[in-house]
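Peer 1: What follows is final.txt; its format and atoms are compact mmCIF, C-alpha atoms.
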# COMPACT_ATOMS: atom_id res chain seq x y z
CA MET A 1 218.86 154.56 209.78
CA SER A 2 215.89 152.58 208.52
CA ILE A 3 214.72 149.24 209.83
CA GLN A 4 213.51 146.57 207.42
CA VAL A 5 211.59 143.48 208.52
CA ARG A 6 211.46 140.87 205.77
CA ASN A 7 209.42 137.67 205.67
CA LEU A 8 209.44 137.34 209.45
CA ASN A 9 207.85 134.20 210.90
CA ALA A 10 207.81 133.15 214.56
CA TRP A 11 206.75 130.06 216.47
CA TYR A 12 206.08 128.89 220.00
CA GLY A 13 206.98 125.25 219.63
CA ARG A 14 204.77 123.97 216.81
CA SER A 15 202.34 126.90 217.07
CA GLN A 16 203.02 129.65 214.56
CA ALA A 17 202.55 133.15 215.95
CA LEU A 18 203.69 135.37 213.05
CA TYR A 19 203.26 134.86 209.32
CA ASP A 20 205.50 136.52 206.71
CA ILE A 21 205.67 139.99 208.24
CA ASN A 22 207.14 142.66 205.97
CA LEU A 23 207.39 146.10 207.54
CA SER A 24 209.65 149.16 207.41
CA PHE A 25 210.38 151.80 210.02
CA SER A 26 211.89 155.23 209.48
CA SER A 27 215.09 156.38 211.14
CA LEU A 28 213.09 158.71 213.40
CA GLY A 29 209.49 158.79 214.55
CA ALA A 30 207.10 156.51 216.42
CA THR A 31 205.23 153.49 215.13
CA ALA A 32 202.27 152.07 217.04
CA VAL A 33 201.57 148.35 216.73
CA ILE A 34 197.90 147.62 217.49
CA GLY A 35 195.57 144.66 217.38
CA PRO A 36 193.45 142.42 219.63
CA SER A 37 194.94 140.26 222.36
CA GLY A 38 196.83 137.29 220.97
CA CYS A 39 197.34 138.84 217.52
CA GLY A 40 201.14 138.63 217.70
CA LYS A 41 202.04 142.26 218.35
CA SER A 42 204.13 141.59 221.49
CA THR A 43 205.76 138.59 219.82
CA PHE A 44 206.64 140.82 216.87
CA VAL A 45 208.32 143.52 218.94
CA ARG A 46 210.29 140.91 220.90
CA CYS A 47 211.58 139.52 217.62
CA LEU A 48 213.13 142.92 216.91
CA ASN A 49 215.74 142.47 219.64
CA ARG A 50 215.91 138.66 219.59
CA MET A 51 214.14 138.23 222.92
CA HIS A 52 211.65 135.78 221.42
CA GLU A 53 214.40 133.19 221.35
CA GLU A 54 214.51 133.27 225.15
CA VAL A 55 211.00 131.76 225.33
CA GLU A 56 210.96 127.98 225.54
CA GLY A 57 210.25 126.69 222.03
CA GLY A 58 210.64 130.16 220.54
CA ARG A 59 211.90 130.15 216.98
CA VAL A 60 212.23 132.82 214.27
CA GLN A 61 212.77 132.78 210.52
CA GLY A 62 213.27 135.81 208.32
CA GLU A 63 215.31 139.00 208.47
CA VAL A 64 215.41 142.13 210.61
CA VAL A 65 217.87 144.54 208.99
CA ILE A 66 219.14 147.45 211.09
CA GLU A 67 221.82 149.75 209.66
CA GLY A 68 222.32 147.25 206.87
CA VAL A 69 222.93 144.32 209.23
CA ASN A 70 220.56 141.37 209.50
CA ILE A 71 220.38 140.77 213.25
CA TYR A 72 219.42 137.14 212.54
CA ALA A 73 222.55 136.45 210.51
CA ARG A 74 224.39 133.39 211.78
CA GLN A 75 227.45 135.34 212.95
CA ILE A 76 225.44 137.87 215.01
CA GLN A 77 225.26 137.12 218.74
CA PRO A 78 221.84 137.78 220.38
CA MET A 79 223.43 139.53 223.37
CA TYR A 80 225.11 142.02 221.03
CA VAL A 81 221.71 142.84 219.51
CA ARG A 82 220.08 143.37 222.92
CA ARG A 83 222.87 145.71 223.94
CA ARG A 84 222.05 147.98 221.01
CA ILE A 85 218.24 147.91 221.13
CA GLY A 86 216.47 149.33 224.18
CA MET A 87 213.38 147.60 225.56
CA VAL A 88 210.71 148.86 227.96
CA PHE A 89 208.15 146.40 229.26
CA GLN A 90 204.51 146.61 230.25
CA ARG A 91 205.17 146.77 233.98
CA PRO A 92 208.03 148.81 235.42
CA ASN A 93 210.88 146.44 236.24
CA PRO A 94 213.71 148.37 237.90
CA ILE A 95 215.93 146.38 240.23
CA PRO A 96 214.29 147.51 243.48
CA THR A 97 217.31 147.00 245.73
CA LEU A 98 219.62 149.03 243.51
CA SER A 99 219.76 152.79 243.74
CA ILE A 100 218.22 155.06 241.14
CA PHE A 101 221.72 155.84 239.86
CA ASP A 102 222.81 152.22 239.72
CA ASN A 103 219.69 151.16 237.82
CA VAL A 104 220.54 153.56 235.01
CA ALA A 105 224.28 152.84 235.20
CA LEU A 106 223.81 149.07 235.04
CA GLY A 107 223.80 148.72 231.24
CA PRO A 108 226.80 150.99 230.58
CA ARG A 109 228.77 149.23 233.31
CA LEU A 110 228.00 145.73 232.09
CA ASN A 111 228.84 146.66 228.52
CA GLY A 112 231.94 148.69 229.33
CA LEU A 113 230.49 151.83 227.77
CA ALA A 114 231.45 154.36 230.45
CA ARG A 115 233.05 154.74 233.85
CA GLY A 116 233.85 157.47 236.34
CA ALA A 117 232.82 160.99 235.32
CA ALA A 118 231.67 159.76 231.89
CA LEU A 119 229.30 157.32 233.57
CA LYS A 120 227.84 160.04 235.80
CA GLU A 121 227.34 162.24 232.75
CA ARG A 122 225.63 159.40 230.87
CA VAL A 123 223.27 158.67 233.79
CA GLU A 124 222.32 162.35 234.09
CA ARG A 125 221.75 162.65 230.33
CA SER A 126 219.57 159.53 230.28
CA LEU A 127 217.48 160.75 233.21
CA LEU A 128 217.08 164.11 231.47
CA GLU A 129 215.96 162.38 228.27
CA ALA A 130 213.47 160.37 230.32
CA ALA A 131 212.07 163.56 231.91
CA LEU A 132 213.00 162.28 235.37
CA TRP A 133 216.17 164.16 236.31
CA ASN A 134 214.50 167.09 238.07
CA GLU A 135 212.49 164.71 240.24
CA VAL A 136 215.38 162.49 241.34
CA LYS A 137 218.60 164.51 241.06
CA ASP A 138 218.79 164.84 244.84
CA ARG A 139 217.76 161.20 245.43
CA LEU A 140 220.12 159.25 243.21
CA GLY A 141 221.34 157.11 246.09
CA GLU A 142 217.84 156.02 247.12
CA ALA A 143 216.50 152.59 246.20
CA ALA A 144 214.43 152.52 243.01
CA ALA A 145 211.60 150.93 245.01
CA GLN A 146 211.01 154.34 246.63
CA LEU A 147 209.76 155.80 243.33
CA SER A 148 206.14 155.86 242.23
CA GLY A 149 204.96 153.51 239.49
CA GLY A 150 205.13 156.20 236.83
CA GLN A 151 208.58 157.29 237.97
CA GLN A 152 209.76 153.68 237.92
CA GLN A 153 208.61 153.34 234.32
CA ARG A 154 210.47 156.49 233.33
CA LEU A 155 213.49 155.12 235.19
CA CYS A 156 213.25 152.00 233.03
CA ILE A 157 213.13 154.22 229.96
CA ALA A 158 216.24 156.05 231.21
CA ARG A 159 217.93 152.67 231.71
CA ALA A 160 217.10 151.74 228.11
CA LEU A 161 218.45 155.06 226.84
CA ALA A 162 221.70 154.77 228.82
CA ILE A 163 223.05 152.16 226.39
CA GLU A 164 222.57 154.68 223.55
CA PRO A 165 220.29 152.35 221.63
CA LYS A 166 219.76 152.25 217.90
CA VAL A 167 216.03 151.58 218.43
CA VAL A 168 213.67 151.94 221.40
CA LEU A 169 211.03 149.23 221.79
CA MET A 170 208.09 149.60 224.18
CA ASP A 171 205.58 146.85 224.95
CA GLU A 172 202.43 148.55 226.31
CA PRO A 173 204.54 150.90 228.45
CA ALA A 174 201.59 152.76 230.00
CA SER A 175 198.99 150.02 230.44
CA ALA A 176 199.82 149.53 234.13
CA LEU A 177 199.95 153.25 234.94
CA ASP A 178 197.49 155.83 236.24
CA PRO A 179 196.22 158.55 233.84
CA ILE A 180 198.73 161.19 234.92
CA SER A 181 201.68 158.80 234.57
CA THR A 182 200.30 157.63 231.22
CA PHE A 183 200.24 161.23 230.00
CA GLN A 184 203.86 161.69 231.11
CA VAL A 185 204.99 158.56 229.25
CA GLU A 186 203.12 159.65 226.11
CA GLU A 187 204.73 163.09 226.29
CA LEU A 188 208.08 161.39 226.67
CA ILE A 189 207.50 159.20 223.60
CA ASN A 190 206.63 162.30 221.58
CA GLN A 191 209.98 163.81 222.62
CA LEU A 192 212.05 160.66 222.09
CA LYS A 193 210.80 160.05 218.57
CA SER A 194 212.72 163.09 217.35
CA SER A 195 215.95 161.30 218.35
CA TYR A 196 215.16 157.59 217.94
CA PRO A 197 212.95 155.22 216.01
CA VAL A 198 210.41 154.24 218.68
CA ILE A 199 208.17 151.18 218.23
CA VAL A 200 205.29 150.95 220.69
CA VAL A 201 202.89 148.07 221.22
CA THR A 202 199.60 149.43 222.53
CA HIS A 203 196.07 148.15 223.05
CA ASN A 204 194.83 151.75 223.20
CA MET A 205 193.91 153.17 219.78
CA GLN A 206 193.51 156.69 221.17
CA GLN A 207 197.04 156.45 222.49
CA ALA A 208 198.26 155.33 219.06
CA GLY A 209 196.64 158.43 217.58
CA ARG A 210 198.41 160.66 220.09
CA ILE A 211 201.93 159.29 219.80
CA ALA A 212 202.42 157.53 216.46
CA ASP A 213 203.52 158.76 213.06
CA GLN A 214 202.57 155.42 211.52
CA THR A 215 200.36 152.61 212.78
CA ALA A 216 200.46 148.90 211.99
CA PHE A 217 197.50 146.58 212.58
CA PHE A 218 198.08 142.91 213.35
CA LEU A 219 195.43 140.20 213.32
CA GLN A 220 195.93 136.48 213.94
CA GLY A 221 199.67 136.77 213.46
CA ARG A 222 199.46 138.68 210.18
CA LEU A 223 200.13 142.29 209.28
CA ILE A 224 196.82 143.51 207.86
CA GLU A 225 197.60 147.16 207.23
CA VAL A 226 200.19 149.84 207.93
CA GLY A 227 200.03 153.52 207.15
CA GLU A 228 200.37 157.12 208.25
CA THR A 229 198.41 157.35 211.49
CA THR A 230 195.89 160.06 210.64
CA LYS A 231 194.95 158.41 207.35
CA PHE A 232 195.06 154.95 208.94
CA PHE A 233 192.29 155.85 211.38
CA SER A 234 190.26 158.11 209.09
CA HIS A 235 190.40 156.05 205.88
CA PRO A 236 191.53 152.46 206.56
CA ALA A 237 192.20 150.48 203.41
CA GLN A 238 191.22 147.05 204.73
CA LYS A 239 187.81 145.94 206.01
CA GLU A 240 189.41 144.09 208.94
CA THR A 241 191.10 147.34 210.01
CA GLU A 242 187.85 149.29 209.76
CA ASP A 243 186.01 146.65 211.76
CA TYR A 244 188.63 146.75 214.49
CA ILE A 245 188.98 150.51 214.88
CA THR A 246 185.20 151.01 214.83
CA GLY A 247 184.73 148.45 217.59
CA ARG A 248 183.00 145.71 215.62
CA PHE A 249 185.41 143.29 217.25
CA SER A 250 188.18 143.64 219.82
Let me see the file written as structure tokens.
Peer 2:
Amino acid sequence: MSIQVRNLNAWYGRSQALYDINLSFSSLGATAVIGPSGCGKSTFVRCLNRMHEEVEGGRVQGEVVIEGVNIYARQIQPMYVRRRIGMVFQRPNPIPTLSIFDNVALGPRLNGLARGAALKERVERSLLEAALWNEVKDRLGEAAAQLSGGQQQRLCIARALAIEPKVVLMDEPASALDPISTFQVEELINQLKSSYPVIVVTHNMQQAGRIADQTAFFLQGRLIEVGETTKFFSHPAQKETEDYITGRFS
């Protein structure tokens, strides 16, 4: 399953945030989206599951084609798209009053995907995929607020995986975490990318080098360059890319 982004433009009211983005993603593997603050990278990833429309004044033109379906086609409902594309945000956002189990089970329950023994199996599988099961298997009834920050972020990843997504989106998933938790999330991304296309917004170029198969550089709402990660950082094709990765501007 490939993902094709074609002539994507996005606005906040009258202010244009993205300009004619054309970008492809493989069916498996991780893509890092990098660039300075305000370059449009978070806006871009939120366009991939139609969350940008939830922002006041948010508007999108163009196509995002997943499994041959343009998610911006008139007949496609935004909620259907969000049910099929997992999203992990910068700061862990579990529902603190719900149990660990219920946080992961929330999506399958709301979408009628599983119940009873099948739901329990899905929760366990998602926690295993998120490398959290061994730490919480005897605590599933505890409130999610009892977990550490890094565990909460992995819980959010498990929650995203529980809907069996077609794509996993992550918007700076480790920027609010300590170094050990960051390492755990990076290790998890490297495991997940063998099963899902994973698209990760990151401000950390070293992190991009550790997790990504391809890297895309955004600047002032435009896609400047995209390429295989090792070559991207060793032999950038565009001067703007070279200036950014060598620290001439940030």
Peer 1: Would you please work out which residue, of A:Ala32, A:Leu177, A:Ile224, A:Leu161, is nearest to Gly86 (chain A) when using only C-alpha atoms?
Peer 2: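 Checking each candidate against Gly86 (chain A), we get A:Leu161 as the closest.
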Peer 1: With distances taken over all atoms listed in the file, which residue among A:Ile34, A:Leu155, A:Ala130, A:Met205 lies nearest Pro92 (chain A)?
Peer 2: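 Closest to Pro92 (chain A), using all atoms listed in the file: A:Leu155.
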Peer 1: Please list as a list in words every residue within 12 Å of region 236-249 of chain A, counting all atoms listed in the file and excluding residues in the same chain fewer than 4 positions away.
Peer 2: Ile34, Gly35, Pro36, Ser37, His203, Asn204, Met205, Gln206, Ala208, Gly209, Thr215, Ala216, Phe217, Phe218, Leu219, Gln220, Arg222, Leu223, Ile224, Glu225, Val226, Gly227, Glu228, Thr229, Thr230, Lys231 and Phe232 of chain A
Peer 1: Export, as a CSV table (one decimal), in the coordinates of the input, the selected residues with C-alpha atoms.
Peer 2:
chain,number,residue,atom,x,y,z
A,34,ILE,CA,197.9,147.6,217.5
A,35,GLY,CA,195.6,144.7,217.4
A,36,PRO,CA,193.4,142.4,219.6
A,37,SER,CA,194.9,140.3,222.4
A,203,HIS,CA,196.1,148.2,223.0
A,204,ASN,CA,194.8,151.8,223.2
A,205,MET,CA,193.9,153.2,219.8
A,206,GLN,CA,193.5,156.7,221.2
A,208,ALA,CA,198.3,155.3,219.1
A,209,GLY,CA,196.6,158.4,217.6
A,215,THR,CA,200.4,152.6,212.8
A,216,ALA,CA,200.5,148.9,212.0
A,217,PHE,CA,197.5,146.6,212.6
A,218,PHE,CA,198.1,142.9,213.4
A,219,LEU,CA,195.4,140.2,213.3
A,220,GLN,CA,195.9,136.5,213.9
A,222,ARG,CA,199.5,138.7,210.2
A,223,LEU,CA,200.1,142.3,209.3
A,224,ILE,CA,196.8,143.5,207.9
A,225,GLU,CA,197.6,147.2,207.2
A,226,VAL,CA,200.2,149.8,207.9
A,227,GLY,CA,200.0,153.5,207.2
A,228,GLU,CA,200.4,157.1,208.2
A,229,THR,CA,198.4,157.4,211.5
A,230,THR,CA,195.9,160.1,210.6
A,231,LYS,CA,195.0,158.4,207.4
A,232,PHE,CA,195.1,155.0,208.9
Peer 1: I'd like to know which of A:His52, A:Arg125, A:Lys166, A:Lys137 is closest to Arg83 (chain A), using only C-alpha atoms.
Peer 2: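 When distances to Arg83 (chain A) are compared using only C-alpha atoms, the smallest one comes from A:Lys166.
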Peer 1: Name the closest residue to Asp138 (chain A) among the candidates A:Ile180, A:Met87, A:Ile100, A:Ala73; distances are taken between atoms, counting all atoms listed in the file.
Peer 2: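 Distance minimum relative to Asp138 (chain A) lands on A:Ile100.
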Peer 1: Please list as a list in words every residue within 9 Å of Ala158 (chain A), counting all atoms listed in the file and excluding residues in the same chain fewer than 4 positions away.
Peer 2: Asn103, Val104, Val123, Arg125, Ser126, Leu127, Leu128, Glu129, Ala130, Ala131, Leu132, Gln153, Arg154 and Ala162 of chain A
Peer 1: What is the distance between CA of Val65 (chain A) and CA of Ile3 (chain A), in Å to one decimal?
Peer 2: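 Going from CA of Val65 (chain A) over to CA of Ile3 (chain A), I get 5.7 Å.
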Peer 1: Figure out the distance between CA of Asn9 (chain A) and CA of Gly58 (chain A), please, to one decimal in Å.
Peer 2: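 So the answer is 10.8 Å.
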Peer 1: If you measure from CA of Ala105 (chain A) to CA of Glu121 (chain A), what distance in Å do you get, rounded to one decimal?
Peer 2: 10.2 Å
Peer 1: Find, counting only C-alpha atoms, the residue in A:Arg46, A:Ile85, A:Ala143, A:Arg59 that gets nearest to Leu98 (chain A).
Peer 2: A:Ala143
Peer 1: Find the residues around Glu142 (chain A) up to 10 Å (only C-alpha atoms counted), leave out those fewer than 6 positions away in its own chain, and share them as number ranges by chain.
Peer 2: A: 96-102, 136
Peer 1: Can you list, as number ranges by chain, every protein, DNA or RNA residue that comes within 9 Å of Arg84 (chain A) when you count only C-alpha atoms, leaving out same-chain residues fewer than 6 positions away?
Peer 2: A: 49, 163-167
